[in-house]
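Shown here: coords-v5.tsv, TSV, C-alpha atoms.
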chain	number	residue	atom	x	y	z
A	1	MET	CA	77.42	29.40	-15.45
A	2	THR	CA	75.49	31.10	-18.25
A	3	THR	CA	74.02	34.58	-17.89
A	4	THR	CA	70.51	33.14	-17.98
A	5	GLN	CA	71.29	30.73	-15.15
A	6	ASP	CA	72.95	33.50	-13.22
A	7	VAL	CA	69.83	35.67	-13.47
A	8	LEU	CA	67.62	32.77	-12.36
A	9	PHE	CA	69.80	31.92	-9.37
A	10	ARG	CA	70.02	35.55	-8.33
A	11	THR	CA	66.28	35.96	-8.67
A	12	LEU	CA	65.57	32.88	-6.58
A	13	SER	CA	68.29	33.52	-4.00
A	14	ASP	CA	66.01	35.79	-1.93
A	15	PRO	CA	63.99	33.59	0.48
A	16	THR	CA	60.85	35.77	0.41
A	17	ARG	CA	60.90	35.96	-3.38
A	18	ARG	CA	61.53	32.23	-3.64
A	19	ALA	CA	58.59	31.56	-1.28
A	20	ILE	CA	56.31	33.65	-3.51
A	21	PHE	CA	57.47	31.77	-6.60
A	22	GLU	CA	57.09	28.37	-4.89
A	23	ARG	CA	53.59	29.27	-3.80
A	24	LEU	CA	52.62	30.20	-7.37
A	25	CYS	CA	54.10	26.87	-8.54
A	26	ARG	CA	52.18	24.93	-5.90
A	27	GLU	CA	48.86	26.72	-5.82
A	28	GLY	CA	48.51	28.30	-9.26
A	29	GLU	CA	47.41	31.82	-10.11
A	30	LYS	CA	47.23	34.43	-7.33
A	31	THR	CA	46.68	38.17	-6.97
A	32	VAL	CA	49.05	40.46	-5.05
A	33	GLY	CA	46.42	40.51	-2.30
A	34	ASP	CA	46.36	36.70	-2.02
A	35	LEU	CA	50.14	36.59	-1.89
A	36	THR	CA	50.44	39.40	0.65
A	37	ALA	CA	48.08	37.63	3.03
A	38	GLN	CA	50.65	34.88	3.57
A	39	ALA	CA	53.99	36.41	2.63
A	40	GLY	CA	54.56	38.08	5.98
A	41	VAL	CA	55.59	41.31	4.25
A	42	SER	CA	53.71	44.38	2.99
A	43	GLN	CA	51.96	44.56	-0.38
A	44	PRO	CA	54.54	46.97	-1.90
A	45	VAL	CA	57.29	44.49	-0.97
A	46	VAL	CA	55.36	41.61	-2.58
A	47	SER	CA	54.81	43.78	-5.69
A	48	LYS	CA	58.51	44.53	-5.86
A	49	HIS	CA	59.40	40.83	-5.66
A	50	LEU	CA	56.81	40.05	-8.35
A	51	GLY	CA	58.45	42.68	-10.53
A	52	VAL	CA	61.83	40.96	-10.18
A	53	LEU	CA	60.28	37.54	-10.88
A	54	LYS	CA	58.54	38.95	-13.97
A	55	ALA	CA	61.79	40.48	-15.23
A	56	ALA	CA	63.44	37.04	-14.98
A	57	GLY	CA	60.55	35.49	-16.90
A	58	LEU	CA	59.59	33.34	-13.91
A	59	VAL	CA	56.20	34.96	-13.41
A	60	LEU	CA	53.57	36.29	-15.80
A	61	GLY	CA	50.84	38.81	-14.94
A	62	ARG	CA	47.37	38.53	-16.46
A	63	HIS	CA	45.05	41.53	-16.14
A	64	GLU	CA	41.41	40.86	-15.36
A	65	GLY	CA	39.36	43.93	-14.49
A	66	ARG	CA	41.25	45.85	-11.83
A	67	GLN	CA	43.12	42.79	-10.64
A	68	THR	CA	46.33	41.25	-11.92
A	69	HIS	CA	46.63	37.49	-11.59
A	70	TYR	CA	50.18	36.17	-11.36
A	71	SER	CA	51.27	32.71	-12.43
A	72	ALA	CA	54.56	30.78	-12.35
A	73	GLN	CA	56.26	30.13	-15.68
A	74	LEU	CA	57.92	26.77	-15.19
A	75	ASP	CA	59.47	26.85	-18.65
A	76	ALA	CA	61.67	29.68	-17.42
A	77	LEU	CA	63.42	27.15	-15.16
A	78	ARG	CA	64.40	25.09	-18.18
A	79	PRO	CA	67.95	26.46	-18.40
A	80	LEU	CA	68.49	25.05	-14.92
A	81	THR	CA	67.05	21.61	-15.61
A	82	ASP	CA	68.12	21.02	-19.20
A	83	TRP	CA	70.53	18.06	-19.10
A	84	THR	CA	72.81	19.43	-21.80
A	85	THR	CA	73.36	22.59	-19.75
A	86	GLN	CA	73.97	20.54	-16.63
A	87	MET	CA	76.35	18.07	-18.23
A	88	ALA	CA	78.27	20.82	-20.03
A	89	GLY	CA	78.79	22.49	-16.66
A	90	TYR	CA	79.79	19.17	-15.14
A	91	TRP	CA	82.40	18.44	-17.82
A	92	GLU	CA	83.79	22.00	-17.74
A	93	GLY	CA	84.43	21.42	-14.05
A	94	ARG	CA	86.10	18.06	-14.77
A	95	PHE	CA	88.33	19.71	-17.40
A	96	ASP	CA	89.41	22.28	-14.80
A	97	ASP	CA	90.29	19.52	-12.33
A	98	LEU	CA	92.10	17.56	-15.07
A	99	GLU	CA	94.25	20.58	-15.91
A	100	ASN	CA	95.06	21.05	-12.23
A	101	LEU	CA	96.08	17.40	-11.99
A	102	LEU	CA	98.29	17.64	-15.10
A	103	LYS	CA	100.15	20.54	-13.51
A	104	ARG	CA	100.89	18.39	-10.47
A	105	MET	CA	101.83	15.24	-12.41
A	106	ASP	CA	105.40	14.27	-13.25
A	107	GLN	CA	106.20	14.17	-16.92
B	1	MET	CA	64.43	13.27	-37.52
B	2	SER	CA	61.99	11.66	-35.12
B	3	THR	CA	61.86	13.24	-31.70
B	4	ALA	CA	61.82	9.91	-29.90
B	5	THR	CA	65.14	8.82	-31.31
B	6	GLU	CA	66.87	12.16	-31.53
B	7	THR	CA	70.43	12.09	-30.28
B	8	ARG	CA	71.91	15.05	-28.54
B	9	SER	CA	75.45	15.72	-27.50
B	10	VAL	CA	77.43	17.71	-25.02
B	11	ILE	CA	80.81	18.72	-26.39
B	12	VAL	CA	83.57	20.30	-24.35
B	13	GLU	CA	86.89	21.15	-25.99
B	14	ARG	CA	90.02	22.70	-24.64
B	15	GLU	CA	93.62	23.43	-25.63
B	16	ILE	CA	95.86	21.90	-22.99
B	17	ALA	CA	99.53	22.73	-22.62
B	18	TYR	CA	100.65	19.11	-22.20
B	19	PRO	CA	101.37	16.32	-24.68
B	20	PRO	CA	98.74	13.65	-25.46
B	21	GLU	CA	100.79	10.94	-23.70
B	22	LYS	CA	100.52	12.72	-20.38
B	23	ILE	CA	96.81	13.44	-20.75
B	24	TRP	CA	96.25	9.82	-21.76
B	25	ARG	CA	97.66	8.71	-18.40
B	26	ALA	CA	95.25	11.00	-16.56
B	27	LEU	CA	92.37	9.63	-18.67
B	28	THR	CA	93.18	5.94	-18.15
B	29	GLN	CA	94.95	5.34	-14.84
B	30	PRO	CA	92.41	4.92	-12.01
B	31	HIS	CA	94.62	6.54	-9.36
B	32	LEU	CA	94.86	9.63	-11.59
B	33	MET	CA	91.25	9.45	-12.85
B	34	GLN	CA	89.95	9.71	-9.31
B	35	GLU	CA	91.86	12.98	-8.87
B	36	TRP	CA	89.74	14.81	-11.45
B	37	LEU	CA	86.82	12.56	-12.36
B	38	MET	CA	85.75	9.74	-10.06
B	39	LYS	CA	86.93	6.56	-8.43
B	40	SER	CA	86.71	3.62	-10.81
B	41	ASP	CA	87.95	0.14	-11.62
B	42	PHE	CA	88.70	1.18	-15.19
B	43	LYS	CA	90.97	-0.91	-17.42
B	44	PRO	CA	91.87	0.24	-20.97
B	45	VAL	CA	90.54	-2.96	-22.54
B	46	VAL	CA	87.78	-2.91	-25.18
B	47	GLY	CA	84.64	-4.62	-23.90
B	48	GLN	CA	85.70	-4.32	-20.26
B	49	SER	CA	82.90	-3.28	-17.90
B	50	PHE	CA	83.71	-0.87	-15.11
B	51	LYS	CA	82.04	1.46	-12.71
B	52	PHE	CA	82.61	5.03	-11.61
B	53	THR	CA	81.65	5.37	-7.97
B	54	GLU	CA	80.65	8.41	-5.97
B	55	ASP	CA	79.01	8.98	-2.61
B	56	TRP	CA	75.65	9.37	-4.33
B	57	GLY	CA	75.93	6.14	-6.33
B	58	GLY	CA	77.67	5.16	-9.49
B	59	ILE	CA	77.83	5.12	-13.24
B	60	ASP	CA	77.97	1.84	-15.17
B	61	CYS	CA	80.37	1.87	-18.07
B	62	GLN	CA	81.88	-0.33	-20.72
B	63	VAL	CA	84.97	0.42	-22.76
B	64	VAL	CA	84.17	0.90	-26.46
B	65	THR	CA	87.35	2.26	-28.05
B	66	VAL	CA	90.97	2.39	-26.96
B	67	GLU	CA	93.54	4.00	-29.27
B	68	PRO	CA	96.39	4.98	-26.97
B	69	ASN	CA	97.11	8.72	-26.92
B	70	LYS	CA	94.35	9.34	-29.49
B	71	THR	CA	90.85	8.11	-28.67
B	72	LEU	CA	89.09	6.65	-25.68
B	73	SER	CA	85.38	6.00	-25.45
B	74	TYR	CA	83.11	4.27	-23.00
B	75	THR	CA	79.40	3.93	-22.39
B	76	TRP	CA	78.07	6.01	-19.52
B	77	ASP	CA	74.82	4.75	-18.05
B	78	ALA	CA	73.34	6.63	-15.14
B	79	PHE	CA	69.81	7.29	-13.94
B	80	GLY	CA	68.39	4.95	-16.58
B	81	LEU	CA	69.99	6.90	-19.41
B	82	GLU	CA	72.45	5.57	-21.91
B	83	SER	CA	75.19	7.68	-23.40
B	84	VAL	CA	78.69	7.34	-24.78
B	85	VAL	CA	81.58	9.49	-23.67
B	86	THR	CA	84.34	9.91	-26.27
B	87	TRP	CA	87.68	11.54	-25.60
B	88	THR	CA	89.74	12.66	-28.60
B	89	LEU	CA	93.33	13.85	-28.22
B	90	THR	CA	95.01	15.74	-31.05
B	91	ALA	CA	98.62	16.84	-30.72
B	92	THR	CA	99.19	20.51	-31.49
B	93	GLY	CA	102.42	22.51	-31.68
B	94	THR	CA	102.06	23.58	-28.09
B	95	GLY	CA	100.28	20.65	-26.49
B	96	THR	CA	96.98	18.90	-27.08
B	97	HIS	CA	93.53	19.71	-28.30
B	98	LEU	CA	91.31	17.69	-25.96
B	99	ARG	CA	87.71	17.05	-26.95
B	100	MET	CA	85.01	15.32	-24.91
B	101	GLU	CA	81.72	14.39	-26.47
B	102	GLN	CA	78.88	12.83	-24.51
B	103	ALA	CA	76.32	11.56	-26.98
B	104	GLY	CA	73.32	9.30	-27.13
B	105	PHE	CA	70.76	10.89	-24.89
B	106	ARG	CA	67.39	10.69	-26.52
B	107	ALA	CA	64.70	13.31	-26.21
B	108	ASP	CA	62.29	10.77	-24.73
B	109	GLN	CA	64.76	10.11	-21.93
B	110	GLU	CA	65.17	13.72	-21.03
B	111	GLN	CA	62.21	13.71	-18.73
B	112	ALA	CA	63.57	10.69	-16.90
B	113	PHE	CA	66.83	12.51	-16.56
B	114	GLN	CA	65.17	15.57	-15.13
B	115	GLY	CA	63.07	13.48	-12.81
B	116	ALA	CA	66.13	11.71	-11.56
B	117	THR	CA	67.82	12.83	-8.43
B	118	GLN	CA	70.26	14.77	-10.57
B	119	ALA	CA	68.38	17.96	-11.34
B	120	TRP	CA	67.46	19.33	-7.97
B	121	PRO	CA	70.63	18.54	-6.03
B	122	ASN	CA	72.60	20.16	-8.87
B	123	TYR	CA	70.30	23.12	-8.86
B	124	LEU	CA	70.68	23.50	-5.12
B	125	ALA	CA	74.43	22.96	-5.18
B	126	ALA	CA	74.80	25.59	-7.87
B	127	MET	CA	72.62	27.96	-5.94
B	128	GLU	CA	74.59	27.38	-2.77
B	129	LYS	CA	77.79	28.07	-4.68
B	130	LEU	CA	76.36	31.26	-6.11
B	131	LEU	CA	75.11	32.37	-2.70
B	132	SER	CA	78.58	32.01	-1.25
B	133	THR	CA	79.84	34.48	-3.87
B	134	LEU	CA	77.14	37.06	-3.14
B	135	ASP	CA	77.58	39.83	-0.59

Structure translated into structure tokens:
Amino acid sequence: MTTTQDVLFRTLSDPTRRAIFERLCREGEKTVGDLTAQAGVSQPVVSKHLGVLKAAGLVLGRHEGRQTHYSAQLDALRPLTDWTTQMAGYWEGRFDDLENLLKRMDQ
Amino acid sequence: MSTATETRSVIVEREIAYPPEKIWRALTQPHLMQEWLMKSDFKPVVGQSFKFTEDWGGIDCQVVTVEPNKTLSYTWDAFGLESVVTWTLTATGTGTHLRMEQAGFRADQEQAFQGATQAWPNYLAAMEKLLSTLD
């Protein structure tokens, strides 16, 4: 797994954080207040999760007056959905299994 | 190069500490192929159609090139996408340089690929795997 993929998986492995990201994907731009109303956690916790999502490039903040509007950056998921990345990972795994088989095979 | 007909490849190469003849067996004998790749009704005959089968479905293939202990290639059609998988074996002093190239995906098919059932199950499987390694 590449470093980029690793960061994305780690970022999305937290259920609360993933729920925030999914909501931004589904419903578009939101403020921290909007997100807190449904996240089931306090505003500082939501802000902290948004910070992690921003650091991974999954979320972007847009300032408007005193509010910040957050939106999902679907392009950031590209390393996970790009077929070349997926197939390369698939074949690396097959090579591993092939080498294991060769060790077990008779000459 | 036009985007619609652009060809992209995945290449995986590895030095393997066994001679080409042994690797060739693993690449071409179905009872060995299923140990590391998938179940299939493969026969090393040019033009022969065969299928790799898995729980989630299968991959339709046709043999393109057979040069024992050197080159093997077959078409690999899955999820509406056409590609060609080519295996190249080169003997080295200590074993074999094994190269796999999967080529032929076009940019205009990428979306179909992503939309196919492949992307999300893979994503989830990878995530599950990662989660199991986390504290």

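With atom CA of Gln34 of chain B on one side and atom CA of Thr88 of chain B on the other, the separation reads 19.5 Å.
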
**Message:** Select, as a ChimeraX atom specification, those residues of chain A with any atom no more than 12 Å from chain B (distances computed using only C-alpha atoms).
**Reply:** /A:1-2,5-15,77-107

Selection file, C-alpha atoms, as an mmCIF file, in the coordinates of the input:
data_model
loop_
_atom_site.group_PDB
_atom_site.id
_atom_site.type_symbol
_atom_site.label_atom_id
_atom_site.label_comp_id
_atom_site.auth_asym_id
_atom_site.auth_seq_id
_atom_site.Cartn_x
_atom_site.Cartn_y
_atom_site.Cartn_z
ATOM 1 C CA MET A 1 77.420 29.400 -15.450
ATOM 2 C CA THR A 2 75.490 31.100 -18.250
ATOM 3 C CA GLN A 5 71.290 30.730 -15.150
ATOM 4 C CA ASP A 6 72.950 33.500 -13.220
ATOM 5 C CA VAL A 7 69.830 35.670 -13.470
ATOM 6 C CA LEU A 8 67.620 32.770 -12.360
ATOM 7 C CA PHE A 9 69.800 31.920 -9.370
ATOM 8 C CA ARG A 10 70.020 35.550 -8.330
ATOM 9 C CA THR A 11 66.280 35.960 -8.670
ATOM 10 C CA LEU A 12 65.570 32.880 -6.580
ATOM 11 C CA SER A 13 68.290 33.520 -4.000
ATOM 12 C CA ASP A 14 66.010 35.790 -1.930
ATOM 13 C CA PRO A 15 63.990 33.590 0.480
ATOM 14 C CA LEU A 77 63.420 27.150 -15.160
ATOM 15 C CA ARG A 78 64.400 25.090 -18.180
ATOM 16 C CA PRO A 79 67.950 26.460 -18.400
ATOM 17 C CA LEU A 80 68.490 25.050 -14.920
ATOM 18 C CA THR A 81 67.050 21.610 -15.610
ATOM 19 C CA ASP A 82 68.120 21.020 -19.200
ATOM 20 C CA TRP A 83 70.530 18.060 -19.100
ATOM 21 C CA THR A 84 72.810 19.430 -21.800
ATOM 22 C CA THR A 85 73.360 22.590 -19.750
ATOM 23 C CA GLN A 86 73.970 20.540 -16.630
ATOM 24 C CA MET A 87 76.350 18.070 -18.230
ATOM 25 C CA ALA A 88 78.270 20.820 -20.030
ATOM 26 C CA GLY A 89 78.790 22.490 -16.660
ATOM 27 C CA TYR A 90 79.790 19.170 -15.140
ATOM 28 C CA TRP A 91 82.400 18.440 -17.820
ATOM 29 C CA GLU A 92 83.790 22.000 -17.740
ATOM 30 C CA GLY A 93 84.430 21.420 -14.050
ATOM 31 C CA ARG A 94 86.100 18.060 -14.770
ATOM 32 C CA PHE A 95 88.330 19.710 -17.400
ATOM 33 C CA ASP A 96 89.410 22.280 -14.800
ATOM 34 C CA ASP A 97 90.290 19.520 -12.330
ATOM 35 C CA LEU A 98 92.100 17.560 -15.070
ATOM 36 C CA GLU A 99 94.250 20.580 -15.910
ATOM 37 C CA ASN A 100 95.060 21.050 -12.230
ATOM 38 C CA LEU A 101 96.080 17.400 -11.990
ATOM 39 C CA LEU A 102 98.290 17.640 -15.100
ATOM 40 C CA LYS A 103 100.150 20.540 -13.510
ATOM 41 C CA ARG A 104 100.890 18.390 -10.470
ATOM 42 C CA MET A 105 101.830 15.240 -12.410
ATOM 43 C CA ASP A 106 105.400 14.270 -13.250
ATOM 44 C CA GLN A 107 106.200 14.170 -16.920
#

**Option closest in space to Ala72 of chain A, from A:Arg17, A:Thr31, A:Ala39, A:Arg26 [counting only C-alpha atoms]** = A:Arg26

**Request:** Please check which residues have atoms at most 9 Å from (86.9, 5.1, -7.6) in the file's coordinates, counting all atoms listed in the file, and write them as a PyMOL selection string.
**Result:** chain B and resi 30-31+33-34+37-42+51-54

**Item:** Long-range neighbours of Thr65 of chain B as a ChimeraX atom specification, 9 Å cut-off, all atoms listed in the file, 5 positions minimum in chain
**Value:** /B:44-47,71-74,86

Resulting file, chosen residues, C-alpha atoms, as a PDB file, in the frame of the given file:
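Saved the output as selection_16.pdb:
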ATOM      1  CA  PRO B  44      91.870   0.240 -20.970  1.00  0.00           C
ATOM      2  CA  VAL B  45      90.540  -2.960 -22.540  1.00  0.00           C
ATOM      3  CA  VAL B  46      87.780  -2.910 -25.180  1.00  0.00           C
ATOM      4  CA  GLY B  47      84.640  -4.620 -23.900  1.00  0.00           C
ATOM      5  CA  THR B  71      90.850   8.110 -28.670  1.00  0.00           C
ATOM      6  CA  LEU B  72      89.090   6.650 -25.680  1.00  0.00           C
ATOM      7  CA  SER B  73      85.380   6.000 -25.450  1.00  0.00           C
ATOM      8  CA  TYR B  74      83.110   4.270 -23.000  1.00  0.00           C
ATOM      9  CA  THR B  86      84.340   9.910 -26.270  1.00  0.00           C
TER      10      THR B  86
END

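You can rank A:Glu22, A:Ala76, A:Ala37, A:Val45 by their closest distance to Leu60 of chain A using only C-alpha atoms, and at the top of that list sits A:Ala76.
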
**Request:** For atom CA of Thr90 of chain B and atom CA of Glu67 of chain B, quote the distance in Å rounded to one decimal.
**Result:**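 Computing the Euclidean distance for atom CA of Thr90 of chain B and atom CA of Glu67 of chain B yields 12.0 Å.
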
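With atom CA of Leu89 of chain B on one side and atom CA of Gly57 of chain B on the other, the separation reads 29.0 Å.
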
**Given only C-alpha atoms as the counted atoms, nearest of A:Arg18, A:Val46, A:Thr36, A:Gln73 to Gly61 of chain A** =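 Looking at the shortest contact to Gly61 of chain A, the residue is A:Gln73.
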